[in-house]
Amino acid sequence: MKRDTPREERLVALTLKIGAYSAFACIVVGLVLHHAAGFGNGVTAAGMIVLLATPVLRIIVAGVQFLRERDLQYVLVSLGVLGIVMLAYWLGV
Amino acid sequence: MTLTAFLILVAIGFLVGGFGALAGIGGGVILTPVVALYYGLPMHQAIGVSLVSVIATSTATSALYVEQHVTDIRLGMTLELATTLGALIAALMAAHIDRRTLALMFACFLAYSSASMVRRAWYSRNENEEEPVHDYTVRNYPLGMLASLIAGGFSGLLGIGGGPIKVPVMYLFMQVPLRVATATSNFMIGVTAATSAVVYWGRGDVNLGVAAPLVAGVFAGSLLAARIKHRIPAFYILILLIGVTAWFSAQMFYKVATGGFR
């Protein structure tokens with residue numbers, strides 16, 4: 001089996017980091033605004049959506065990188081996982 | 001919600017996120033009983049809240065484990081085919097299961113988690129975190145996929161990460177080193193929990209008033225803990241979590257037996 005390359009690891013880690021910190025920031029700002037000024041629930045909800053979207057974004061980033069490496073087996077795996085998650089979004093919301 | 005109640009939720013999130021990341025668990029197994037037993041949230045909402053917290057722990061900590069080369073991205077994504085499918089089916093089914101049955105299943109899973117942590121505490125005595133990961137060839141994919149399908153199902157049904165199901169199978173049957181198995185399971189939990197969380201969200205079972213402060217605390221706790229993890233022996237944290245999960249399990253069994261969770 002092929003091993004993960006440093007580039008894949010870097011891109012996936014970066015996606016997760018950006019997602020985690022921006023979701024965290026939105027939720028904290030939203031909550032502080034809510035308690036200090038009485039509004040900001042929209043910002044909190046946006047943070048939650050970023051939180052839910054980050055794992056999906058991570059699949060896409062990994063999938064695109066697999067495609068650039070011509071690792072077709074794992075491009076298909078990424079598409080499969082993405083398909084199931086999208087089905088959940090379609091059925092859920 | 002009063003400011004005090006809000007701050008208590010942030011603190012609970014911080015503790016669960018922190019200890020969870022230190023011990024390598026998602027923390028859903030602790031958050032669901034806390035909000036169901038002490039905040040009186042209906043089981044389905046407790047599970048919805050726990051699912052989003054579990055995504056937070058996984059996202060915050062897995063970036064670090066990927067950078068440390070202990071996550072097997074390809075193995076994780078292959079098994080995600082099964083965990084997400086299991087999570088989707090279970091999340092759709094959960095709407096038709098009554099609260100008491102869910103609570104009873106959860107109490108059983110808590111007891112199982114507690115026992116599985118006893119075994120992990122035993123192993124962790126002589127586990128060296130500094131040692132480089134040895135080379136390995138992944139075996140037994142069919143069994144791994146089956147375990148992942150079941151773990152995903154439990155995740156969607158009970159709002160947990162499913163680590164106690166996946167990690168032993170990866171370690172014992174797929175011949176993946178324990179550290180890689182733990183990190184890869186943690187990596188998969190984000191996508192798995194997001195799949196079912198969306199279904200719970202769509203049904204209105206993600207209570208933002210409770211979830212947002214918890215998630216903020218979980219993020220802070222797990223981001224901090226992932227950085228100091230190597231300095232703290234997992235053994236003592238596991239002992240603490242074994243006690244906590246066993247206590248919650250007993251409380252949930254008691255509440256079901258005395259006619260609670262209606």
# chains A, B, ... in the order shown; residues from 1 in each chain; ligands from 1
>>> residues_around(residues="Lys17 (chain A)", least_positions_apart="3", cutoff="7 Å", atoms="only C-alpha atoms", output="short mmCIF file (atom, residue, chain, number, x, y, z; two decimals) with C-alpha atoms, in the first residue's frame")
data_model
loop_
_atom_site.label_atom_id
_atom_site.label_comp_id
_atom_site.auth_asym_id
_atom_site.auth_seq_id
_atom_site.Cartn_x
_atom_site.Cartn_y
_atom_site.Cartn_z
CA ALA A 13 -3.23 19.27 8.86
CA LEU A 14 -3.48 22.85 7.57
CA ALA A 20 -10.67 24.40 14.04
CA TYR A 21 -9.37 27.88 14.80
CA ALA B 60 -8.56 20.21 17.20
CA ALA B 63 -4.18 18.30 12.95
#
>>> interface_residues(of="chain A", to="chain B", cutoff="6 Å", atoms="only C-alpha atoms", output="list of chain:residue names")
A:Glu9, A:Ala13, A:Leu16, A:Lys17, A:Ala20, A:Leu52, A:Pro55, A:Val81, A:Val85, A:Ala88, A:Gly92, A:Val93
>>> residues_around(residues="Ala147 (chain B)", least_positions_apart="2", cutoff="10 Å", atoms="only C-alpha atoms", output="list in words")
Leu79, Ala82, Thr83, Tyr141, Pro142, Leu143, Gly144, Met145, Leu149, Ile150, Ala151, Gly152, Gly153, Gly162, Ile165, Lys166, Val167, Pro168, Val169 and Met170 of chain B
>>> write_last_selection(atoms="C-alpha atoms", output="PDB file, in the first residue's frame")
ATOM      1  CA  LEU B  79     -12.395   2.949   6.819  1.00  0.00           C
ATOM      2  CA  ALA B  82     -17.784   2.294   6.403  1.00  0.00           C
ATOM      3  CA  THR B  83     -17.984   4.618   9.443  1.00  0.00           C
ATOM      4  CA  TYR B 141      -9.353  -4.949   5.637  1.00  0.00           C
ATOM      5  CA  PRO B 142     -12.741  -6.759   5.571  1.00  0.00           C
ATOM      6  CA  LEU B 143     -12.769  -7.108   9.367  1.00  0.00           C
ATOM      7  CA  GLY B 144     -11.646  -3.484   9.743  1.00  0.00           C
ATOM      8  CA  MET B 145     -14.478  -2.308   7.474  1.00  0.00           C
ATOM      9  CA  LEU B 149     -19.439   0.107  10.087  1.00  0.00           C
ATOM     10  CA  ILE B 150     -20.448  -0.931  13.617  1.00  0.00           C
ATOM     11  CA  ALA B 151     -18.426   1.901  15.214  1.00  0.00           C
ATOM     12  CA  GLY B 152     -20.036   4.414  12.836  1.00  0.00           C
ATOM     13  CA  GLY B 153     -23.438   3.009  13.730  1.00  0.00           C
ATOM     14  CA  GLY B 162     -16.502   4.867  18.563  1.00  0.00           C
ATOM     15  CA  ILE B 165     -14.548  -0.347  18.938  1.00  0.00           C
ATOM     16  CA  LYS B 166     -12.139   0.673  16.150  1.00  0.00           C
ATOM     17  CA  VAL B 167      -8.855   0.934  18.031  1.00  0.00           C
ATOM     18  CA  PRO B 168      -8.709  -2.675  19.355  1.00  0.00           C
ATOM     19  CA  VAL B 169      -9.645  -4.073  15.916  1.00  0.00           C
ATOM     20  CA  MET B 170      -6.987  -1.985  14.131  1.00  0.00           C
TER      21      MET B 170
END
>>> residues_around(residues="Ala46 (chain B)", least_positions_apart="2", cutoff="8 Å", atoms="only C-alpha atoms", output="list in words")
Leu31, Thr32, Pro33, Val35, Ala36, Leu41, Pro42, Met43, His44, Gly48, Val49 and Ser50 of chain B
>>> atom_distance(atom1="CA of Val256 (chain B)", atom2="CA of Phe106 (chain B)")
10.7 Å
>>> residues_around(residues="Asp71 (chain A)", least_positions_apart="3", cutoff="12 Å", atoms="only C-alpha atoms", output="number ranges by chain")
A: 1-5, 8, 62-68, 74-78; B: 74
>>> write_last_selection(atoms="N, CA and C atoms", output="PDB file, in the first residue's frame")
ATOM      1  N   MET A   1       0.837  -1.194   0.000  1.00  0.00           N
ATOM      2  CA  MET A   1       0.000   0.000   0.000  1.00  0.00           C
ATOM      3  C   MET A   1       0.873   1.246   0.000  1.00  0.00           C
ATOM      4  N   LYS A   2       0.399   2.285  -0.679  1.00  0.00           N
ATOM      5  CA  LYS A   2       1.149   3.541  -0.716  1.00  0.00           C
ATOM      6  C   LYS A   2       1.132   4.234   0.636  1.00  0.00           C
ATOM      7  N   ARG A   3       2.241   4.871   0.955  1.00  0.00           N
ATOM      8  CA  ARG A   3       2.318   5.623   2.215  1.00  0.00           C
ATOM      9  C   ARG A   3       1.869   7.063   1.994  1.00  0.00           C
ATOM     10  N   ASP A   4       1.417   7.706   3.056  1.00  0.00           N
ATOM     11  CA  ASP A   4       1.044   9.115   2.968  1.00  0.00           C
ATOM     12  C   ASP A   4       2.298   9.954   2.742  1.00  0.00           C
ATOM     13  N   THR A   5       2.214  10.937   1.849  1.00  0.00           N
ATOM     14  CA  THR A   5       3.373  11.789   1.587  1.00  0.00           C
ATOM     15  C   THR A   5       3.343  12.993   2.535  1.00  0.00           C
ATOM     16  N   GLU A   8       0.771  15.620   1.534  1.00  0.00           N
ATOM     17  CA  GLU A   8      -0.614  15.298   1.917  1.00  0.00           C
ATOM     18  C   GLU A   8      -0.834  15.628   3.380  1.00  0.00           C
ATOM     19  N   ALA A  62      -7.824  16.300   0.598  1.00  0.00           N
ATOM     20  CA  ALA A  62      -7.075  15.055   0.430  1.00  0.00           C
ATOM     21  C   ALA A  62      -7.344  14.462  -0.949  1.00  0.00           C
ATOM     22  N   GLY A  63      -8.594  14.473  -1.386  1.00  0.00           N
ATOM     23  CA  GLY A  63      -8.971  13.913  -2.682  1.00  0.00           C
ATOM     24  C   GLY A  63      -8.260  14.607  -3.837  1.00  0.00           C
ATOM     25  N   VAL A  64      -8.206  15.944  -3.774  1.00  0.00           N
ATOM     26  CA  VAL A  64      -7.543  16.714  -4.834  1.00  0.00           C
ATOM     27  C   VAL A  64      -6.051  16.383  -4.866  1.00  0.00           C
ATOM     28  N   GLN A  65      -5.453  16.241  -3.675  1.00  0.00           N
ATOM     29  CA  GLN A  65      -4.034  15.902  -3.615  1.00  0.00           C
ATOM     30  C   GLN A  65      -3.779  14.501  -4.171  1.00  0.00           C
ATOM     31  N   PHE A  66      -4.658  13.543  -3.860  1.00  0.00           N
ATOM     32  CA  PHE A  66      -4.533  12.188  -4.423  1.00  0.00           C
ATOM     33  C   PHE A  66      -4.604  12.257  -5.946  1.00  0.00           C
ATOM     34  N   LEU A  67      -5.481  13.120  -6.470  1.00  0.00           N
ATOM     35  CA  LEU A  67      -5.650  13.262  -7.915  1.00  0.00           C
ATOM     36  C   LEU A  67      -4.367  13.799  -8.550  1.00  0.00           C
ATOM     37  N   ARG A  68      -3.752  14.786  -7.888  1.00  0.00           N
ATOM     38  CA  ARG A  68      -2.504  15.361  -8.414  1.00  0.00           C
ATOM     39  C   ARG A  68      -1.387  14.331  -8.416  1.00  0.00           C
ATOM     40  N   TYR A  74      -7.310   6.062  -4.342  1.00  0.00           N
ATOM     41  CA  TYR A  74      -7.712   6.886  -3.206  1.00  0.00           C
ATOM     42  C   TYR A  74      -8.529   8.103  -3.623  1.00  0.00           C
ATOM     43  N   VAL A  75      -8.458   8.465  -4.926  1.00  0.00           N
ATOM     44  CA  VAL A  75      -9.388   9.482  -5.427  1.00  0.00           C
ATOM     45  C   VAL A  75     -10.801   8.923  -5.308  1.00  0.00           C
ATOM     46  N   LEU A  76     -10.952   7.634  -5.682  1.00  0.00           N
ATOM     47  CA  LEU A  76     -12.270   6.992  -5.603  1.00  0.00           C
ATOM     48  C   LEU A  76     -12.743   6.863  -4.157  1.00  0.00           C
ATOM     49  N   VAL A  77     -11.803   6.508  -3.263  1.00  0.00           N
ATOM     50  CA  VAL A  77     -12.164   6.412  -1.838  1.00  0.00           C
ATOM     51  C   VAL A  77     -12.683   7.773  -1.350  1.00  0.00           C
ATOM     52  N   SER A  78     -11.961   8.855  -1.690  1.00  0.00           N
ATOM     53  CA  SER A  78     -12.372  10.199  -1.260  1.00  0.00           C
ATOM     54  C   SER A  78     -13.754  10.538  -1.804  1.00  0.00           C
TER      55      SER A  78
ATOM     56  N   ARG B  74      -4.544   7.354   4.511  1.00  0.00           N
ATOM     57  CA  ARG B  74      -5.171   6.443   3.539  1.00  0.00           C
ATOM     58  C   ARG B  74      -6.009   5.373   4.227  1.00  0.00           C
TER      59      ARG B  74
END
>>> select_by_dssp(residues="region 1-170 of chain B", states="helix (DSSP H, G or I)", output="PyMOL selection string")
chain B and resi 3-23+28-37+43-67+73-94+99-124+141-158+163-170
